[in-house]
Structures are given as C-alpha cells and as structure tokens.
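The file data.txt comes next; it holds compact mmCIF, C-alpha atoms.
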```
# COMPACT_ATOMS: atom_id res chain seq x y z
CA MET A 1 159.67 124.34 63.15
CA ARG A 2 157.25 122.95 65.74
CA ARG A 3 154.04 121.59 64.25
CA PRO A 4 150.74 123.29 65.17
CA GLU A 5 148.60 121.46 67.71
CA LEU A 6 145.09 120.22 67.05
CA PHE A 7 142.76 119.01 69.80
CA ILE A 8 139.54 117.22 68.88
CA LEU A 9 136.81 116.88 71.51
CA THR A 10 133.85 114.56 70.91
CA SER A 11 130.98 113.00 72.83
CA HIS A 12 131.14 109.87 70.66
CA ASP A 13 132.67 106.73 72.13
CA LEU A 14 135.28 105.99 69.47
CA ASP A 15 135.87 102.52 70.91
CA GLU A 16 132.30 101.63 69.97
CA VAL A 17 132.03 103.69 66.76
CA PRO A 18 135.45 103.47 65.09
CA ASN A 19 134.14 104.64 61.70
CA SER A 20 133.17 108.21 62.48
CA ARG A 21 133.68 111.62 60.91
CA LEU A 22 136.22 112.64 63.55
CA ILE A 23 138.27 109.44 63.17
CA HIS A 24 138.86 110.35 59.54
CA LEU A 25 139.57 113.93 60.56
CA ALA A 26 142.12 112.75 63.15
CA ASN A 27 143.83 110.35 60.73
CA TYR A 28 144.18 113.11 58.14
CA PHE A 29 145.55 115.75 60.50
CA GLY A 30 147.68 113.25 62.42
CA LYS A 31 150.08 113.27 59.46
CA ARG A 32 150.27 117.08 59.41
CA TRP A 33 149.60 118.38 62.92
CA SER A 34 150.30 117.23 66.46
CA THR A 35 146.82 115.78 66.96
CA THR A 36 145.07 114.74 70.19
CA VAL A 37 141.56 113.31 70.34
CA ILE A 38 139.60 113.28 73.61
CA PHE A 39 136.48 111.13 73.55
CA ARG A 40 133.89 110.17 76.12
CA LYS A 41 133.54 106.57 77.24
CA GLN A 42 129.85 105.63 77.06
CA ALA A 43 129.81 101.82 77.00
CA PHE A 44 130.47 99.80 80.13
CA GLY A 45 130.85 96.10 80.74
CA ARG A 46 127.59 94.24 81.14
CA GLY A 47 127.09 92.55 84.46
CA GLU A 48 129.20 95.06 86.37
CA PRO A 49 128.17 95.13 90.03
CA PHE A 50 126.30 98.21 91.22
CA SER A 51 129.19 99.21 93.47
CA GLN A 52 131.51 99.37 90.44
CA ARG A 53 129.02 101.44 88.44
CA LEU A 54 128.67 103.80 91.39
CA ARG A 55 132.44 104.28 91.58
CA THR A 56 132.50 104.90 87.82
CA PHE A 57 129.82 107.58 88.22
CA PHE A 58 131.82 109.55 90.80
CA ARG A 59 135.33 108.97 89.44
CA LEU A 60 137.19 110.96 86.80
CA GLU A 61 139.56 108.71 84.86
CA VAL A 62 141.65 109.13 81.73
CA SER A 63 143.49 106.44 79.80
CA ARG A 64 145.82 107.28 76.92
CA PHE A 65 146.96 105.46 73.82
CA THR A 66 148.47 106.26 70.43
CA ARG A 67 147.22 105.04 67.05
CA GLY A 68 148.45 106.06 63.62
CA GLY A 69 150.42 109.00 64.99
CA VAL A 70 147.36 110.38 66.81
CA PHE A 71 147.16 110.71 70.60
CA TYR A 72 143.88 109.50 72.10
CA TRP A 73 142.53 110.25 75.56
CA ARG A 74 139.67 108.00 76.67
CA LEU A 75 137.73 110.01 79.24
CA ASN A 76 135.50 108.58 81.95
CA PRO A 77 134.02 111.91 83.16
CA TRP A 78 132.34 112.67 86.42
CA GLY A 79 128.75 111.46 86.19
CA ALA A 80 129.43 108.73 83.62
CA ARG A 81 126.64 106.23 83.07
CA PRO A 82 125.88 103.62 80.39
CA TYR A 83 124.39 105.00 77.19
CA GLY A 84 120.67 104.22 76.75
CA LEU A 85 120.17 103.33 80.41
CA GLY A 86 116.75 104.99 80.57
CA THR A 87 115.49 103.05 77.55
CA ARG A 88 116.46 99.76 79.16
CA LEU A 89 114.99 100.68 82.55
CA LEU A 90 111.70 101.68 80.92
CA GLY A 91 111.67 98.62 78.66
CA LEU A 92 110.99 100.71 75.54
CA LYS A 93 111.27 98.81 72.27
CA ASN A 94 112.03 101.93 70.23
CA PRO A 95 112.45 105.21 72.13
CA PHE A 96 112.51 107.23 68.88
CA LEU A 97 109.09 106.06 67.69
CA GLU A 98 107.34 104.73 70.79
CA ARG A 99 105.52 107.09 73.15
CA PRO A 100 105.48 105.64 76.68
CA SER A 101 102.44 105.51 78.95
CA PRO A 102 101.77 108.61 81.15
CA GLY A 103 103.41 106.93 84.16
CA LYS A 104 106.48 105.91 82.21
CA ARG A 105 106.55 109.33 80.57
CA LEU A 106 106.92 111.01 83.96
CA PHE A 107 109.70 108.61 84.89
CA GLN A 108 111.32 109.26 81.50
CA GLU A 109 111.34 113.01 82.19
CA PHE A 110 113.06 112.34 85.51
CA LEU A 111 115.64 110.05 83.91
CA GLY A 112 116.14 112.61 81.13
CA ALA A 113 116.93 115.28 83.70
CA VAL A 114 119.43 113.00 85.43
CA GLY A 115 120.96 112.13 82.05
CA GLY A 116 121.23 115.82 81.20
CA ILE A 117 123.10 116.53 84.43
CA SER A 118 125.34 113.54 83.73
CA ASP A 119 126.13 114.85 80.24
CA PHE A 120 126.82 118.36 81.51
CA LEU A 121 129.41 117.06 83.98
CA VAL A 122 131.74 116.40 81.06
CA VAL A 123 132.34 120.18 81.01
CA PRO A 124 134.02 120.43 84.45
CA SER A 125 135.76 117.13 83.71
CA LEU A 126 137.37 118.54 80.56
CA LEU A 127 138.14 121.88 82.18
CA TYR A 128 139.97 120.04 84.92
CA LEU A 129 142.02 118.11 82.34
CA PHE A 130 143.07 121.38 80.68
CA SER A 131 143.69 123.27 83.93
CA ARG A 132 147.48 122.92 83.61
CA PHE A 133 147.63 123.99 79.96
CA LYS A 134 149.06 127.38 79.08
CA PRO A 135 147.78 129.58 76.22
CA SER A 136 149.25 128.85 72.80
CA PRO A 137 149.01 130.75 69.50
CA ARG A 138 149.53 127.46 67.61
CA ARG A 139 146.77 125.39 69.18
CA VAL A 140 143.37 124.83 67.51
CA VAL A 141 140.36 122.92 68.84
CA VAL A 142 137.59 121.14 66.91
CA ALA A 143 134.66 120.25 69.17
CA GLN A 144 131.69 118.03 68.38
CA GLY A 145 128.72 117.92 70.76
CA PRO A 146 127.16 120.79 72.73
CA TYR A 147 128.97 120.19 76.03
CA GLU A 148 132.34 119.54 74.44
CA GLY A 149 131.69 122.72 72.47
CA LEU A 150 130.93 124.64 75.67
CA CYS A 151 134.23 123.51 77.15
CA ALA A 152 136.07 124.56 73.98
CA ALA A 153 134.40 127.99 74.05
CA VAL A 154 135.51 128.55 77.66
CA LEU A 155 139.08 127.46 76.89
CA ARG A 156 139.15 129.63 73.75
CA LYS A 157 138.17 132.64 75.84
CA ARG A 158 140.95 131.81 78.31
CA GLY A 159 143.46 131.80 75.45
CA LEU A 160 144.33 128.10 75.62
CA PHE A 161 143.28 127.81 71.97
CA ALA A 162 143.90 130.26 69.16
CA ARG A 163 140.93 129.05 67.12
CA PHE A 164 137.72 127.13 67.86
CA ILE A 165 135.83 125.18 65.16
CA TYR A 166 132.45 123.70 66.10
CA ASP A 167 131.79 120.58 64.05
CA ASP A 168 128.02 120.22 63.78
CA ALA A 169 127.65 116.60 62.70
CA ASP A 170 124.17 115.82 64.09
CA TYR A 171 121.00 117.50 65.19
CA GLU A 172 121.88 116.99 68.85
CA PRO A 173 118.46 117.83 70.37
CA GLY A 174 117.15 114.85 68.41
CA PHE A 175 119.08 112.48 70.67
CA ALA A 176 117.26 113.73 73.78
CA PRO A 177 114.20 111.73 74.86
CA THR A 178 112.45 114.55 76.76
CA GLY A 179 111.33 118.09 76.04
CA ALA A 180 113.18 119.79 78.90
CA ARG A 181 116.43 118.13 77.94
CA ARG A 182 116.03 119.14 74.28
CA ARG A 183 115.41 122.75 75.27
CA PHE A 184 118.55 122.82 77.43
CA ILE A 185 120.64 121.38 74.59
CA ARG A 186 119.35 124.11 72.27
CA ILE A 187 120.33 126.80 74.78
CA VAL A 188 123.86 125.38 75.04
CA GLU A 189 124.15 124.93 71.27
CA ARG A 190 123.12 128.52 70.54
CA LEU A 191 125.72 129.86 72.97
CA VAL A 192 128.47 127.58 71.64
CA MET A 193 127.84 128.29 67.96
CA LYS A 194 127.78 132.03 68.58
CA LYS A 195 131.15 131.77 70.33
CA ALA A 196 132.84 129.54 67.75
CA ASP A 197 135.23 131.06 65.21
CA GLN A 198 133.68 128.78 62.59
CA VAL A 199 130.69 126.41 62.49
CA VAL A 200 130.99 123.47 60.09
CA CYS A 201 127.74 121.64 59.30
CA VAL A 202 127.54 118.15 57.89
CA GLY A 203 124.70 118.92 55.50
CA GLU A 204 122.67 121.63 53.81
CA LEU A 205 119.44 121.00 55.71
CA LEU A 206 121.21 121.17 59.06
CA ALA A 207 123.04 124.35 58.06
CA ALA A 208 119.76 126.00 57.08
CA ARG A 209 118.16 124.94 60.37
CA ARG A 210 121.07 126.38 62.39
CA CYS A 211 120.94 129.70 60.56
CA LYS A 212 117.19 129.93 61.14
CA ASP A 213 117.12 128.80 64.79
CA TYR A 214 120.30 130.41 66.08
CA GLY A 215 120.66 133.42 63.79
CA LEU A 216 123.98 132.31 62.33
CA GLN A 217 125.05 134.41 59.39
CA ARG A 218 127.21 131.80 57.72
CA VAL A 219 128.26 128.19 58.16
CA GLU A 220 130.50 125.97 56.09
CA VAL A 221 128.99 122.75 54.77
CA ILE A 222 131.44 119.85 54.63
CA PRO A 223 129.59 116.54 54.29
CA ASN A 224 130.64 113.14 55.49
CA GLY A 225 132.77 111.18 53.08
CA VAL A 226 134.14 107.81 52.11
CA SER A 227 137.54 106.25 51.58
CA TYR A 228 136.86 105.78 47.87
CA GLU A 229 139.99 103.75 47.18
CA LEU A 230 139.00 101.28 49.91
CA PHE A 231 135.33 100.89 48.90
CA SER A 232 135.47 101.09 45.10
CA PRO A 233 136.66 97.46 44.59
CA ALA A 234 133.23 96.41 45.95
CA GLN A 235 131.71 97.66 42.68
CA GLU A 236 132.60 94.23 41.25
CA LYS A 237 129.71 92.22 42.69
CA THR A 238 129.63 88.63 43.94
CA GLY A 239 125.99 88.75 45.08
CA GLN A 240 122.63 90.48 44.63
CA ALA A 241 121.63 91.20 48.23
CA LEU A 242 119.97 94.12 49.95
CA ILE A 243 122.21 95.28 52.81
CA TYR A 244 122.10 97.42 55.94
CA THR A 245 125.31 98.38 57.74
CA GLY A 246 125.82 100.33 60.95
CA TYR A 247 123.82 100.92 64.10
CA ILE A 248 120.95 98.45 64.52
CA GLY A 249 118.71 100.47 66.79
CA GLY A 250 115.69 102.71 67.05
CA TRP A 251 116.36 104.95 64.04
CA SER A 252 117.57 102.27 61.59
CA GLY A 253 114.13 101.79 60.03
CA LEU A 254 114.53 98.02 59.97
CA GLU A 255 110.99 97.38 61.25
CA LEU A 256 109.73 99.14 58.13
CA LEU A 257 112.08 97.09 55.98
CA PHE A 258 110.80 93.83 57.47
CA ALA A 259 107.19 94.93 56.85
CA ALA A 260 108.05 95.80 53.23
CA LEU A 261 109.86 92.48 52.69
CA SER A 262 106.82 90.65 54.00
CA LEU A 263 104.67 92.39 51.37
CA LEU A 264 107.22 91.49 48.68
CA GLN A 265 107.17 87.83 49.68
CA LYS A 266 103.40 87.82 49.19
CA ARG A 267 104.10 89.04 45.63
CA GLY A 268 106.57 86.20 45.09
CA LEU A 269 109.79 88.20 45.45
CA ALA A 270 112.13 87.10 48.24
CA LEU A 271 115.19 89.31 48.57
CA GLU A 272 118.42 88.23 50.19
CA LEU A 273 119.01 90.49 53.22
CA ILE A 274 122.32 91.11 55.02
CA LEU A 275 122.62 93.02 58.29
CA ALA A 276 126.03 94.10 59.59
CA GLY A 277 126.60 96.37 62.57
CA HIS A 278 126.51 96.98 66.29
CA GLN A 279 123.16 96.44 67.93
CA GLU A 280 121.07 97.99 70.65
CA GLU A 281 120.14 94.92 72.67
CA VAL A 282 116.45 95.57 73.39
CA TYR A 283 115.75 96.78 69.86
CA PHE A 284 117.48 93.85 68.18
CA ARG A 285 115.69 91.32 70.36
CA ASN A 286 112.34 92.76 69.31
CA LEU A 287 113.45 92.95 65.68
CA LYS A 288 114.29 89.25 65.69
CA GLU A 289 110.85 88.47 67.11
CA LEU A 290 109.25 90.58 64.36
CA GLY A 291 111.29 88.72 61.73
CA GLN A 292 110.11 85.39 63.06
CA ARG A 293 106.46 86.48 62.98
CA LEU A 294 106.72 87.79 59.42
CA GLY A 295 108.90 84.96 58.13
CA ILE A 296 111.80 87.25 57.18
CA ARG A 297 115.14 85.55 56.67
CA TYR A 298 118.37 87.48 56.95
CA LEU A 299 122.07 86.99 57.54
CA TYR A 300 123.41 88.91 60.55
CA LEU A 301 127.18 89.34 60.44
CA GLY A 302 127.60 91.25 63.69
CA LYS A 303 129.94 94.19 63.98
CA VAL A 304 132.21 94.29 60.91
CA PRO A 305 135.58 96.12 61.08
CA TYR A 306 135.71 99.17 58.83
CA GLN A 307 138.46 97.74 56.61
CA ARG A 308 136.32 94.64 56.00
CA LEU A 309 133.14 96.47 55.00
CA PRO A 310 133.95 96.50 51.26
CA VAL A 311 134.21 92.69 51.30
CA VAL A 312 130.69 92.51 52.71
CA LEU A 313 129.38 95.16 50.31
CA LYS A 314 130.57 93.14 47.29
CA ARG A 315 127.66 90.81 48.07
CA ALA A 316 125.05 93.57 47.77
CA VAL A 317 123.59 95.69 44.97
CA CYS A 318 121.34 97.87 47.12
CA GLY A 319 121.86 99.62 50.47
CA TRP A 320 119.15 100.47 53.03
CA ALA A 321 119.22 104.05 54.34
CA LEU A 322 115.49 104.60 54.79
CA PHE A 323 115.27 106.07 58.26
CA PRO A 324 112.26 107.29 60.25
CA PRO A 325 111.48 110.94 59.41
CA ILE A 326 112.43 112.14 62.89
CA GLU A 327 114.55 115.24 63.47
CA LEU A 328 117.61 113.20 64.38
CA ARG A 329 117.63 111.46 61.00
CA ARG A 330 116.20 114.28 58.87
CA TYR A 331 119.38 116.32 59.31
CA ALA A 332 121.93 113.51 59.49
CA PHE A 333 124.41 112.91 56.68
CA SER A 334 124.76 109.18 57.05
CA LEU A 335 128.20 107.73 56.35
CA LYS A 336 126.61 104.56 55.06
CA VAL A 337 124.94 106.42 52.17
CA VAL A 338 128.21 107.44 50.51
CA GLU A 339 129.83 104.12 51.45
CA TYR A 340 127.03 102.26 49.67
CA MET A 341 127.47 104.56 46.68
CA ALA A 342 131.24 104.08 46.51
CA ALA A 343 130.68 100.32 46.67
CA GLY A 344 128.43 100.52 43.61
CA CYS A 345 125.15 99.96 45.45
CA ALA A 346 121.89 101.65 44.63
CA VAL A 347 120.51 103.36 47.74
CA VAL A 348 116.95 103.56 49.08
CA SER A 349 116.41 106.53 51.36
CA THR A 350 113.73 108.66 52.99
CA ALA A 351 112.11 111.65 51.32
CA ASP A 352 112.73 115.09 52.90
CA THR A 353 115.97 114.10 54.62
CA GLU A 354 119.63 114.95 54.00
CA SER A 355 120.24 111.34 52.97
CA GLY A 356 117.35 111.50 50.52
CA LEU A 357 118.64 114.81 49.13
CA THR A 358 122.07 113.23 48.54
CA VAL A 359 120.59 110.20 46.77
CA ARG A 360 118.24 112.26 44.62
CA ARG A 361 120.94 114.73 43.60
CA ALA A 362 123.20 111.87 42.45
CA GLY A 363 120.43 109.77 40.89
CA ALA A 364 121.87 106.98 43.02
CA GLY A 365 118.66 105.20 43.98
CA LEU A 366 115.12 105.70 45.20
CA VAL A 367 113.82 108.34 47.60
CA LEU A 368 110.62 107.06 49.20
CA PRO A 369 108.05 108.00 51.85
CA TYR A 370 108.30 106.14 55.15
CA GLN A 371 105.48 103.70 54.36
CA ALA A 372 105.69 99.92 53.99
CA GLU A 373 103.57 99.80 50.83
CA ALA A 374 105.59 102.52 49.08
CA VAL A 375 108.86 100.86 50.08
CA ALA A 376 107.70 97.45 48.88
CA GLU A 377 106.64 98.93 45.54
CA GLY A 378 109.97 100.74 45.16
CA LEU A 379 112.05 97.67 45.97
CA PHE A 380 109.96 95.53 43.63
CA LYS A 381 110.62 97.96 40.79
CA LEU A 382 114.32 98.28 41.61
CA PHE A 383 114.96 94.53 41.77
CA THR A 384 112.82 93.54 38.76
CA GLU A 385 113.85 96.30 36.34
CA ARG A 386 117.49 95.56 35.66
CA ALA A 387 118.17 98.75 33.72
CA LEU A 388 116.92 100.88 36.60
CA LEU A 389 119.09 99.06 39.15
CA GLU A 390 122.22 99.19 37.01
CA GLY A 391 121.67 102.85 36.15
CA CYS A 392 121.40 103.78 39.83
CA ARG A 393 124.49 101.75 40.67
CA GLN A 394 126.58 103.44 37.98
CA LYS A 395 125.46 106.94 39.01
CA ALA A 396 126.13 106.13 42.66
CA ALA A 397 129.69 105.00 41.99
CA LEU A 398 130.40 108.08 39.87
CA ALA A 399 128.95 110.57 42.38
CA ALA A 400 130.81 108.99 45.31
CA ARG A 401 134.15 110.20 43.93
CA GLU A 402 133.22 113.73 45.00
CA TYR A 403 132.82 112.53 48.59
CA ASP A 404 136.32 111.12 48.90
CA TRP A 405 137.63 112.01 52.36
CA ALA A 406 140.89 113.28 50.85
CA LYS A 407 139.02 116.04 48.98
CA LEU A 408 136.71 116.96 51.83
CA LEU A 409 139.39 117.11 54.50
CA LYS A 410 141.62 119.29 52.37
CA LYS A 411 138.81 121.84 52.46
CA TYR A 412 138.49 121.33 56.22
CA GLU A 413 142.21 121.98 56.62
CA SER A 414 141.86 125.37 54.98
CA LEU A 415 139.46 126.44 57.73
CA LEU A 416 142.05 125.65 60.39
CA ILE A 417 145.11 127.03 58.63
CA LEU A 418 143.76 130.39 57.42
CA LYS A 419 143.67 131.93 60.89
CA ALA A 420 145.50 129.39 63.03
```
Please re-express this file's structure in structure tokens.
Amino acid sequence: MRRPELFILTSHDLDEVPNSRLIHLANYFGKRWSTTVIFRKQAFGRGEPFSQRLRTFFRLEVSRFTRGGVFYWRLNPWGARPYGLGTRLLGLKNPFLERPSPGKRLFQEFLGAVGGISDFLVVPSLLYLFSRFKPSPRRVVVAQGPYEGLCAAVLRKRGLFARFIYDDADYEPGFAPTGARRRFIRIVERLVMKKADQVVCVGELLAARRCKDYGLQRVEVIPNGVSYELFSPAQEKTGQALIYTGYIGGWSGLELLFAALSLLQKRGLALELILAGHQEEVYFRNLKELGQRLGIRYLYLGKVPYQRLPVVLKRAVCGWALFPPIELRRYAFSLKVVEYMAAGCAVVSTADTESGLTVRRAGAGLVLPYQAEAVAEGLFKLFTERALLEGCRQKAALAAREYDWAKLLKKYESLLILKA
C-alpha cells in the first residue's frame, strides 16, 4: 500500500538553523510517511556583487536533496533578499530593543514595507511549484509561517491536500520591525488559522493569545522537545560553567547577562561563561565591545553541530534563557530550555514568558525579572548555595523526560492520521 504523503512548508532556513522543530518533525515522519520539506533560503554569501544579488531577487530557483529518507527542496523565491538587511543598513545594534531616530524610523518603515512585499512573494513562488500537482486524498500539509500557511490554505481549497495543519511555533508579528508590517502579518495569520483544519501551538501562552486575538475555539498545544537519549549523558558534569547556546542576536539577552556578571565580579564571584551558536554580525561585534569594557571573559565556541551539543553542555551546570520581555520571546517555547534541562542544567529564565512558565512548573531553575541587579542576585544565590543548584538540576533532568521528541511527535502524528 502506498504511503501517505506529508509536505512541510516553513519560512526557516534549515541550512542555517538545523536544530528546529520541523527538522525533528520531518525526521520522525520520514520513517513513516513520504515526507517532503520545502524551506526558504534566507542567508546569502557575503561579498556577493550587487548584480548577483539583483539576479537572486528576481529569480525563482529550487535545489533538491535527500537526507535521512526525507526529501528537501531549498527554495530561492521571487523577491529573495538577505535576512536582517534593514538592520545592517540602518546600523542598529539591537533592533528588538533599540528605537531608531525619527529619520531612521521613517527609513525603517520603508524597508519594512519592502521586506513585507519580499516575504509575500513566497506565496506565488510556492503556488507555481505546486501548479503541476493533482489533488490527492492521501496528501497532508504542515505549514509554519503566515505566508507558507496562506499558500497551504489556497492549495487545500484546490484539493491538492486532504488536510492542512498550521504549526504555530512563534509569535510571527514579533519578528516584524514596523507597525504596518505587523498589522499585515496579523491579517494573514487570522485568515490562515481560520482556514486550517487544525492549529498546533508551541505553548500555552501563545495558544491563549491566538484564541483571544483570532477567535479560535480550540488549538492543540504541542511544545518543543528534546532528544533525551542524546542529551541525558551530559548530566554527568566535567565543569561548572554558565552556558548560552543558540542564536547570538538581539533577543538573546546577553547584554543583560554581561551587566549581571560585571556586578557579580564586584562581589568577588567570577563565573565561567561559555557561548555557543550562530551570531548576528552587528550584534556580536557590539557584544564583544561591551565585554571588553566590563571586563567579562567568555569562551566562544562558534556554531556547534546539534549532535555535539551534549559534549559542550557537560561543561555547564546552568543554562541562560533569560530573554528580553518582548512579544517575540514572551510566547516562544525555546528549544534550548528543554535541552538545558535534559543535560542536567539549572535554567535561568524571564518571568511572564513561556520559557519562565516551563522552568517554574518543573522547578528547574530561577525565573527572574529582566533587570541586571535581580539577575546578579539570582546567579549569586544559585552558584553559592550548592543544595539549591543541585536541586534545580535534578528536577530539570526529571522533567525533561516528558519533553522527549518521541512522545511529543507521537501525539502530533495522531492529528495527521485521524482525518488524513
């Protein structure tokens, strides 16, 4: 009997972010379904001549490869441009926390409008790719991102897919730098979620926000998870560091961490700090300058392959997940939180966020306000009271078992199979 087909559409560049929710989803279903992932290319080679970038902007290209039994289509849609281009052109140190001058603000609105048009062009690009497909009663689509979701909704109506699941993994308006662009994303999101057969939210706070804003009657909550078998060996520690893994950019909260570490050093406590992840160039350059001014020492390991993360986490007893209390991070269910927990690390996170809710529920660490003095006090207590640290570590490791991807994705599968 022919296997059912699953198509996964995402705005995330899976070349740049290989450890993502949908990668785990694809790997799981690749063993059970005929699975195809279509992702948007968002990173381009530095130093490319303008003529090449112009051709990229106007050209629709698709490259294909297979990995682990999953078919991947790397899409360069019409209107493609490098991610974060506006931030670099405006010279903003942190676009999530920094408000530009009135002149720059006007230019930012213009760039935001251009970026919105560029993002929207992925819809006709995807529709063109599917133009030769015929309807199938055995084909399901999972879409992540408002414009990928809009394409999926159109194709579902045309009968190309028997079922459409919208995977709501982030508060997408939070990525937009301007008001007009955020409003447009909300309009698209509302339409898409109303048309989906099922909306799956990554966290409880996001689910509640969607029900309130868009009038959804019911959503499924399936959080992000962790490969527990891979990360649990890191519970046997070889070091006592504080660690941050993942995106080193505007919402990482690392400026706050450096300020807190500076206060701790004045109290005579110098913590070992490890940073591991992909960086946003302008942000990281300014972060290094801040570290030099404050006298903060750290070890930067660069981008670490997913399979190697547990080796790095063996050196740490505490993980940093204290993000700015902006909408983008308030509703996010950060992968690093449950990875820290599975690795036997206590976690410090922000109050009134999904990450903070997860940590508090598990008793896995400290949930703190986004203030340098409060963070310094919390870290001082955590690293000087051994019983507190060890208690948080043990609770974290125990709670992480419930976030094993194998358990979570089995639940996800039931949503696809029931009516597929």
Residue with smallest distance to Asp119 (chain A) - pool A:Ser252, A:Ser63, A:Thr178, A:Gln42, counting all atoms listed in the file: A:Gln42
Residue contacts of region 329-340 of chain A (7 Å, only C-alpha atoms) excluding same-chain residues fewer than 3 positions away, as number ranges by chain: A: 170-171, 202-203, 205-206, 223-226, 231, 245, 319, 321, 323-326, 343-345, 347, 352-355, 400
Contacts of region 384-399 of chain A within 6 Å, only C-alpha atoms, excl. fewer than 5 positions in-chain, as a PyMOL selection string: chain A and resi 341-342+344-346+362+364-365
Separation of CA of Met193 (chain A) from CA of Ser131 (chain A) in Å: 23.1 Å
Residue list as a PyMOL selection string for point (137.0, 117.9, 55.4), cut-off 12 Å, only C-alpha atoms: chain A and resi 21-29+142+167+169+200-202+220-226+402-416
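Near Tyr244 (chain A), within 10 Å and counting all atoms listed in the file, sit A:Ala241, A:Tyr247, A:Ile248, A:Ser252, A:Gly253, A:Leu254, A:Leu273, A:Ile274, A:Leu275, A:Ala276, A:Gly277, A:Tyr300, A:Leu313, A:Ala316, A:Cys318, A:Gly319, A:Trp320, A:Ala321, A:Leu322, A:Lys336, A:Tyr340; same-chain residues fewer than 3 positions away were not included.
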Which of A:Ile38, A:Asp213, A:Leu264, A:Arg67 sits closest to Leu126 (chain A) [using all atoms listed in the file]: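 The shortest atom-to-atom distance to Leu126 (chain A) comes from A:Ile38.
Minimum atom-to-atom distance to Arg285 (chain A), evaluated using only C-alpha atoms, belongs to A:Glu255 out of A:Glu255, A:Glu189, A:Glu327, A:Glu272.
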Coordinates-based distance that separates CA of Thr358 (chain A) from CA of Phe380 (chain A) (Å, one decimal): 22.0 Å
Residue nearest Gly116 (chain A) - candidates A:Gly159, A:Gly249, A:Gly79, A:Gly68, atoms counted: only C-alpha atoms: A:Gly79
Separation of CA of Pro77 (chain A) from CA of Leu60 (chain A) in Å: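 Interatomic distance here is 4.9 Å.
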